[in-house]
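Chemist: Dumping the structure here so I can ask a few things about it.
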Amino acid sequence: MSALKSADDFPKDGEALNKSKTGMLKMVFLAVGVVGLVLFAILAMTGGGEDGEVSRRSMMAYSWLFAVMFFLTLAVGGIFWTLVHNATNSGWGVMVRRLMENLGSLTPWILLLGLPLVFSSDFKSALWEWIPEQAALIEGGEKYAEAHLEAEKTKRAKDLEVSKVDFKKLETETAAALTKAGENKGEASFLNERLVHAKSKLAELEEGQLDDKALSKELQVHFMKHGDGEGGHGNPLLFHKSGYLNIGSWVMRYIFYVIGLGGVIYTLRKWSIAQDKTGDPKYTLLMRRFSCAFIAVFGICWTFLVVDWLMVLDYTWFSTMWGVYLFAGAALSSMALLIALLTYLRSQGHFKDTVTMEHYHLMGKLLHSFVIFWAYIAFSQFFLIWYANITEETKFFLLRNTDFFNTYTITLLVIGHFFIPFAALLVRQVKKTPALMVAISVWILLMQIADIYWIIIPERGVSLTGGAQLVIPGAIWFDVLAFITVGGIFGFLLLRSLGKSSLYPSQDPRLEESLNVVN
């Protein structure tokens with residue numbers, strides 16, 4: 001049995017990234033990202049499209065969403081693993097926790113790459129049909145109200161006069177009835193209440209129903225729900241969802257996601273790095289306590305983010321398991337990336353005496369757990385929707401089980417995403433062999449790409465061609481360009497983050513536990 005390692009045998013300031021070995025790679029990533037960004041912007045700005053053709057800009061909106069969402073799942077997964085590590089007071093993972101923190105710290109940057117999706121009117125309109133449809137409804141409602149306001153005011157005025165006559169009649173009848181009721185207090189009370197209610201209704205008509213603003217708003221709502229009966233169609237479903245799906249709150253929620261997710265990882269990483277300098281154990285306690293609360297912030301932000309950006313690509317569709325499905329994929333793919341990144345750094349001379357095969361084994365078990373969890377959630381979502389057989393729900397899978405996407409789903413998501421990595425990770429020795437773990441991790445990352453592509457891209461064909469075709473010829477090259485561009489920026493930011501502090505928390509009080517972990 002080998003001797004136990006002591007934290008005192010390692011530098012107090014930890015281990016810095018060897019920038020001479022990674023500097024060139026970082027510059028390559030940056031060059032790829034910048035060139036790709038410029039090329040993508042030029043193609044998007046010059047891609048309006050001719051009449052009757054699908055515009056290049058519209059196709060590229062889906063490409064950018066696909067690329068941003070894939071790399072966002074990796075970054076958000078880094079936040080999740082950081083939170084879980086701290087909240088559970090994990091000792092074994094101290095050695096790799098800084099990698100989780102650095103990966104999670106990219107989240108606000110990737111969200112900022114989503115700015116074109118949020119603020120470009122062409123991108124928004126191409127991706128989220130509820131935005132132009134809602135604008136058209138509002139415009140139609142305003143025109144309807146303007147055209148019918150005077151006629152409705154005249155009608156309401158006549159109704160008010162009739163109501164006044166009816167009230168006078170009721171008042172006379174009530175007075176006679178009260179006289180007749182005599183000592184019967186119950187009947188007298190009922191008659192008085194009826195009169196008060198009628199008077200209140202009359203006052204409401206006099207004060208509010210003839211107010212131009214109130215009446216105009218009422219006419220707009222009527223149009224949105226029912227149309228005008230003359231060819232102008234309303235949209236009651238979109239109207240009832242407008243409390244959540246409106247452009248103002250949608251943008252505000254995006255800002256909340258940037259602040260919420262970014263604030264969580266910034267705070268935890270700041271405390272972690274501060275502990276490297278002072279060795280004060282208070283930071284461990286702070287990270288543990290606050291991570292328990294931050295998990296709720298993380299869950300809320302991620303769930304609503306994937307609803308706002310992915311589920312409402314078709315605003316008529318819904319799934320109550322959507323947030324956890326995307327979370328499972330994010331946790332799985334980010335752990336795969338962490339394993340691949342750790343192995344790359346070890347190949348550059350880092351973590352030689354600190355990370356052992358026991359760490360790989362533990363990370364492999366987590367990877368295996370989330371392969372199973374992802375499959376469980378994916379199947380549960382499919383099964384419950386299939387069993388309920390509700391039209392608004394089944395349309396999602398009907399679209400993705402048609403033509404090319406049927407083979408795609410079975411081959412990549414059923415076999416590739418679950419059965420292959422599940423079987424491979426069953427073997428203990430595989431989880432202790434870095435080369436095999438990297439191969440499996442790369443495979444899982446490829447399957448995560450396939451999953452995000454499967455979620456987003458089928459909507460492009462249906463939305464932009466009116467259902468005429470599921471796959472738009474040539475659009476895949478925009479997908480590749482967007483992926484390479486965001487990937488280049490992601491790689492540069494990750495290497496830059498790794499170089500800003502020690503590669504592992506060098507003053508964490510549980511460092512020796514991680515150095516000597518056995519499982």
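Labeling convention for the structure tokens: chains A, B, ... as they appear, residues from 1 per chain, ligands from 1 in order of appearance.
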At a cut-off of 6 Å, using only C-alpha atoms, what residues contact A:Lys225? Leave out same-chain residues fewer than 5 positions from it and give the result as a PyMOL selection string.
Modeler: chain A and resi 234-236
Chemist: Skipping near chain neighbours, those fewer than 2 positions away, what residues fall within 8 Å of stretch 254-258 of chain A using only C-alpha atoms, listed as a list in words?
Modeler: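 With the cut-off at 8 Å, the set is Thr107, Pro108, Leu111, Leu112, Trp250, Val251, Met252, Gly260, Leu261, Gly262, Gly263, Cys301, Trp302 and Leu305 of chain A.
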Chemist: Write out the residues from the selection above, keeping N, CA and C atoms, as a compact mmCIF listing (two decimals), in the first residue's frame.
Modeler:
```txt
# COMPACT_ATOMS: atom_id res chain seq x y z
N THR A 107 -20.67 30.66 -18.07
CA THR A 107 -22.11 30.78 -18.31
C THR A 107 -22.55 32.18 -18.71
N PRO A 108 -22.20 33.23 -17.95
CA PRO A 108 -22.65 34.57 -18.37
C PRO A 108 -22.10 34.98 -19.72
N LEU A 111 -24.22 33.27 -22.33
CA LEU A 111 -25.52 33.95 -22.37
C LEU A 111 -25.41 35.27 -23.12
N LEU A 112 -24.29 35.95 -22.97
CA LEU A 112 -24.09 37.20 -23.71
C LEU A 112 -23.95 36.95 -25.21
N TRP A 250 -40.19 38.74 -21.17
CA TRP A 250 -39.26 37.77 -21.76
C TRP A 250 -37.82 38.30 -21.72
N VAL A 251 -37.64 39.56 -22.08
CA VAL A 251 -36.30 40.17 -22.04
C VAL A 251 -35.84 40.33 -20.60
N MET A 252 -36.74 40.72 -19.71
CA MET A 252 -36.37 40.89 -18.30
C MET A 252 -35.94 39.55 -17.69
N GLY A 260 -28.60 35.91 -12.34
CA GLY A 260 -28.77 34.80 -11.40
C GLY A 260 -27.68 33.75 -11.53
N LEU A 261 -27.53 33.20 -12.72
CA LEU A 261 -26.53 32.15 -12.92
C LEU A 261 -25.12 32.71 -12.79
N GLY A 262 -24.90 33.89 -13.38
CA GLY A 262 -23.57 34.50 -13.29
C GLY A 262 -23.21 34.86 -11.86
N GLY A 263 -24.18 35.38 -11.11
CA GLY A 263 -23.91 35.75 -9.72
C GLY A 263 -23.58 34.57 -8.85
N CYS A 301 -33.62 29.44 -12.60
CA CYS A 301 -33.05 30.08 -13.80
C CYS A 301 -32.98 29.11 -14.97
N TRP A 302 -32.46 27.90 -14.73
CA TRP A 302 -32.27 26.96 -15.83
C TRP A 302 -33.61 26.48 -16.38
N LEU A 305 -35.22 29.29 -18.33
CA LEU A 305 -34.42 29.62 -19.51
C LEU A 305 -34.71 28.66 -20.66
```
Chemist: Hey, which of A:Phe483, A:Val38, A:Asp122, A:Lys26 ends up closest to A:Arg57? Count only C-alpha atoms.
Modeler: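 Of A:Phe483, A:Val38, A:Asp122, A:Lys26, the one nearest A:Arg57 is A:Asp122, counting only C-alpha atoms.
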Chemist: So that I can check the secondary structure, give me every residue of stretch 309-356 of chain A assigned alpha helix (DSSP H) by backbone DSSP, as a list in words.
Modeler: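 After running DSSP on the backbone, stretch 309-356 of chain A has alpha helix (DSSP H) at Trp309, Trp322, Gly323, Val324, Tyr325, Leu326, Phe327, Ala328, Gly329, Ala330, Ala331, Leu332, Ser333, Ser334, Met335, Ala336, Leu337, Leu338, Ile339, Ala340, Leu341, Leu342, Thr343, Tyr344, Leu345, Arg346 and Ser347 of chain A.
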Chemist: Restricting the output to N, CA and C atoms, write the selected residues as a PDB file, in the first residue's frame.
Modeler:
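selection00.pdb written:
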```pdb
ATOM      1  N   TRP A 309     -36.408  29.682 -24.243  1.00  0.00           N
ATOM      2  CA  TRP A 309     -35.619  29.613 -25.471  1.00  0.00           C
ATOM      3  C   TRP A 309     -35.911  28.380 -26.320  1.00  0.00           C
ATOM      4  N   TRP A 322     -39.739  19.269 -19.131  1.00  0.00           N
ATOM      5  CA  TRP A 322     -38.769  19.864 -20.036  1.00  0.00           C
ATOM      6  C   TRP A 322     -37.512  20.348 -19.301  1.00  0.00           C
ATOM      7  N   GLY A 323     -37.703  21.054 -18.194  1.00  0.00           N
ATOM      8  CA  GLY A 323     -36.555  21.588 -17.470  1.00  0.00           C
ATOM      9  C   GLY A 323     -35.611  20.509 -16.986  1.00  0.00           C
ATOM     10  N   VAL A 324     -36.146  19.444 -16.410  1.00  0.00           N
ATOM     11  CA  VAL A 324     -35.294  18.380 -15.879  1.00  0.00           C
ATOM     12  C   VAL A 324     -34.649  17.581 -17.005  1.00  0.00           C
ATOM     13  N   TYR A 325     -35.329  17.477 -18.155  1.00  0.00           N
ATOM     14  CA  TYR A 325     -34.728  16.782 -19.309  1.00  0.00           C
ATOM     15  C   TYR A 325     -33.476  17.521 -19.784  1.00  0.00           C
ATOM     16  N   LEU A 326     -33.579  18.839 -19.935  1.00  0.00           N
ATOM     17  CA  LEU A 326     -32.415  19.622 -20.376  1.00  0.00           C
ATOM     18  C   LEU A 326     -31.348  19.677 -19.290  1.00  0.00           C
ATOM     19  N   PHE A 327     -31.768  19.653 -18.024  1.00  0.00           N
ATOM     20  CA  PHE A 327     -30.797  19.626 -16.929  1.00  0.00           C
ATOM     21  C   PHE A 327     -29.993  18.335 -16.957  1.00  0.00           C
ATOM     22  N   ALA A 328     -30.665  17.204 -17.187  1.00  0.00           N
ATOM     23  CA  ALA A 328     -29.975  15.913 -17.213  1.00  0.00           C
ATOM     24  C   ALA A 328     -28.908  15.899 -18.296  1.00  0.00           C
ATOM     25  N   GLY A 329     -29.239  16.430 -19.472  1.00  0.00           N
ATOM     26  CA  GLY A 329     -28.259  16.490 -20.549  1.00  0.00           C
ATOM     27  C   GLY A 329     -27.102  17.406 -20.217  1.00  0.00           C
ATOM     28  N   ALA A 330     -27.390  18.529 -19.535  1.00  0.00           N
ATOM     29  CA  ALA A 330     -26.334  19.471 -19.170  1.00  0.00           C
ATOM     30  C   ALA A 330     -25.374  18.858 -18.153  1.00  0.00           C
ATOM     31  N   ALA A 331     -25.916  18.188 -17.135  1.00  0.00           N
ATOM     32  CA  ALA A 331     -25.069  17.559 -16.115  1.00  0.00           C
ATOM     33  C   ALA A 331     -24.210  16.458 -16.725  1.00  0.00           C
ATOM     34  N   LEU A 332     -24.801  15.653 -17.591  1.00  0.00           N
ATOM     35  CA  LEU A 332     -24.071  14.550 -18.223  1.00  0.00           C
ATOM     36  C   LEU A 332     -22.952  15.061 -19.118  1.00  0.00           C
ATOM     37  N   SER A 333     -23.274  15.978 -20.015  1.00  0.00           N
ATOM     38  CA  SER A 333     -22.269  16.442 -20.982  1.00  0.00           C
ATOM     39  C   SER A 333     -21.164  17.248 -20.315  1.00  0.00           C
ATOM     40  N   SER A 334     -21.501  18.010 -19.266  1.00  0.00           N
ATOM     41  CA  SER A 334     -20.468  18.787 -18.583  1.00  0.00           C
ATOM     42  C   SER A 334     -19.494  17.877 -17.836  1.00  0.00           C
ATOM     43  N   MET A 335     -19.981  16.784 -17.241  1.00  0.00           N
ATOM     44  CA  MET A 335     -19.079  15.840 -16.598  1.00  0.00           C
ATOM     45  C   MET A 335     -18.174  15.179 -17.635  1.00  0.00           C
ATOM     46  N   ALA A 336     -18.727  14.902 -18.807  1.00  0.00           N
ATOM     47  CA  ALA A 336     -17.906  14.337 -19.887  1.00  0.00           C
ATOM     48  C   ALA A 336     -16.798  15.313 -20.276  1.00  0.00           C
ATOM     49  N   LEU A 337     -17.148  16.592 -20.383  1.00  0.00           N
ATOM     50  CA  LEU A 337     -16.139  17.594 -20.727  1.00  0.00           C
ATOM     51  C   LEU A 337     -15.092  17.721 -19.627  1.00  0.00           C
ATOM     52  N   LEU A 338     -15.511  17.661 -18.372  1.00  0.00           N
ATOM     53  CA  LEU A 338     -14.558  17.759 -17.261  1.00  0.00           C
ATOM     54  C   LEU A 338     -13.551  16.616 -17.295  1.00  0.00           C
ATOM     55  N   ILE A 339     -14.010  15.419 -17.630  1.00  0.00           N
ATOM     56  CA  ILE A 339     -13.098  14.270 -17.733  1.00  0.00           C
ATOM     57  C   ILE A 339     -12.111  14.479 -18.877  1.00  0.00           C
ATOM     58  N   ALA A 340     -12.615  14.924 -20.017  1.00  0.00           N
ATOM     59  CA  ALA A 340     -11.737  15.164 -21.168  1.00  0.00           C
ATOM     60  C   ALA A 340     -10.751  16.285 -20.868  1.00  0.00           C
ATOM     61  N   LEU A 341     -11.219  17.356 -20.213  1.00  0.00           N
ATOM     62  CA  LEU A 341     -10.346  18.480 -19.882  1.00  0.00           C
ATOM     63  C   LEU A 341      -9.279  18.065 -18.880  1.00  0.00           C
ATOM     64  N   LEU A 342      -9.665  17.295 -17.878  1.00  0.00           N
ATOM     65  CA  LEU A 342      -8.699  16.823 -16.884  1.00  0.00           C
ATOM     66  C   LEU A 342      -7.609  15.985 -17.547  1.00  0.00           C
ATOM     67  N   THR A 343      -8.013  15.137 -18.454  1.00  0.00           N
ATOM     68  CA  THR A 343      -7.038  14.280 -19.143  1.00  0.00           C
ATOM     69  C   THR A 343      -6.107  15.107 -20.021  1.00  0.00           C
ATOM     70  N   TYR A 344      -6.637  16.116 -20.679  1.00  0.00           N
ATOM     71  CA  TYR A 344      -5.794  17.008 -21.495  1.00  0.00           C
ATOM     72  C   TYR A 344      -4.766  17.703 -20.622  1.00  0.00           C
ATOM     73  N   LEU A 345      -5.185  18.225 -19.484  1.00  0.00           N
ATOM     74  CA  LEU A 345      -4.256  18.926 -18.595  1.00  0.00           C
ATOM     75  C   LEU A 345      -3.195  17.981 -18.046  1.00  0.00           C
ATOM     76  N   ARG A 346      -3.573  16.742 -17.755  1.00  0.00           N
ATOM     77  CA  ARG A 346      -2.581  15.762 -17.292  1.00  0.00           C
ATOM     78  C   ARG A 346      -1.566  15.454 -18.393  1.00  0.00           C
ATOM     79  N   SER A 347      -2.026  15.475 -19.646  1.00  0.00           N
ATOM     80  CA  SER A 347      -1.099  15.232 -20.758  1.00  0.00           C
ATOM     81  C   SER A 347      -0.115  16.389 -20.924  1.00  0.00           C
TER      82      SER A 347
END
```
Chemist: Using only C-alpha atoms, which of A:Leu30, A:Ile131, A:Met311, A:Ala475 sits nearest A:Gly461?
Modeler: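 Among the listed residues, A:Ala475 lies closest to A:Gly461.
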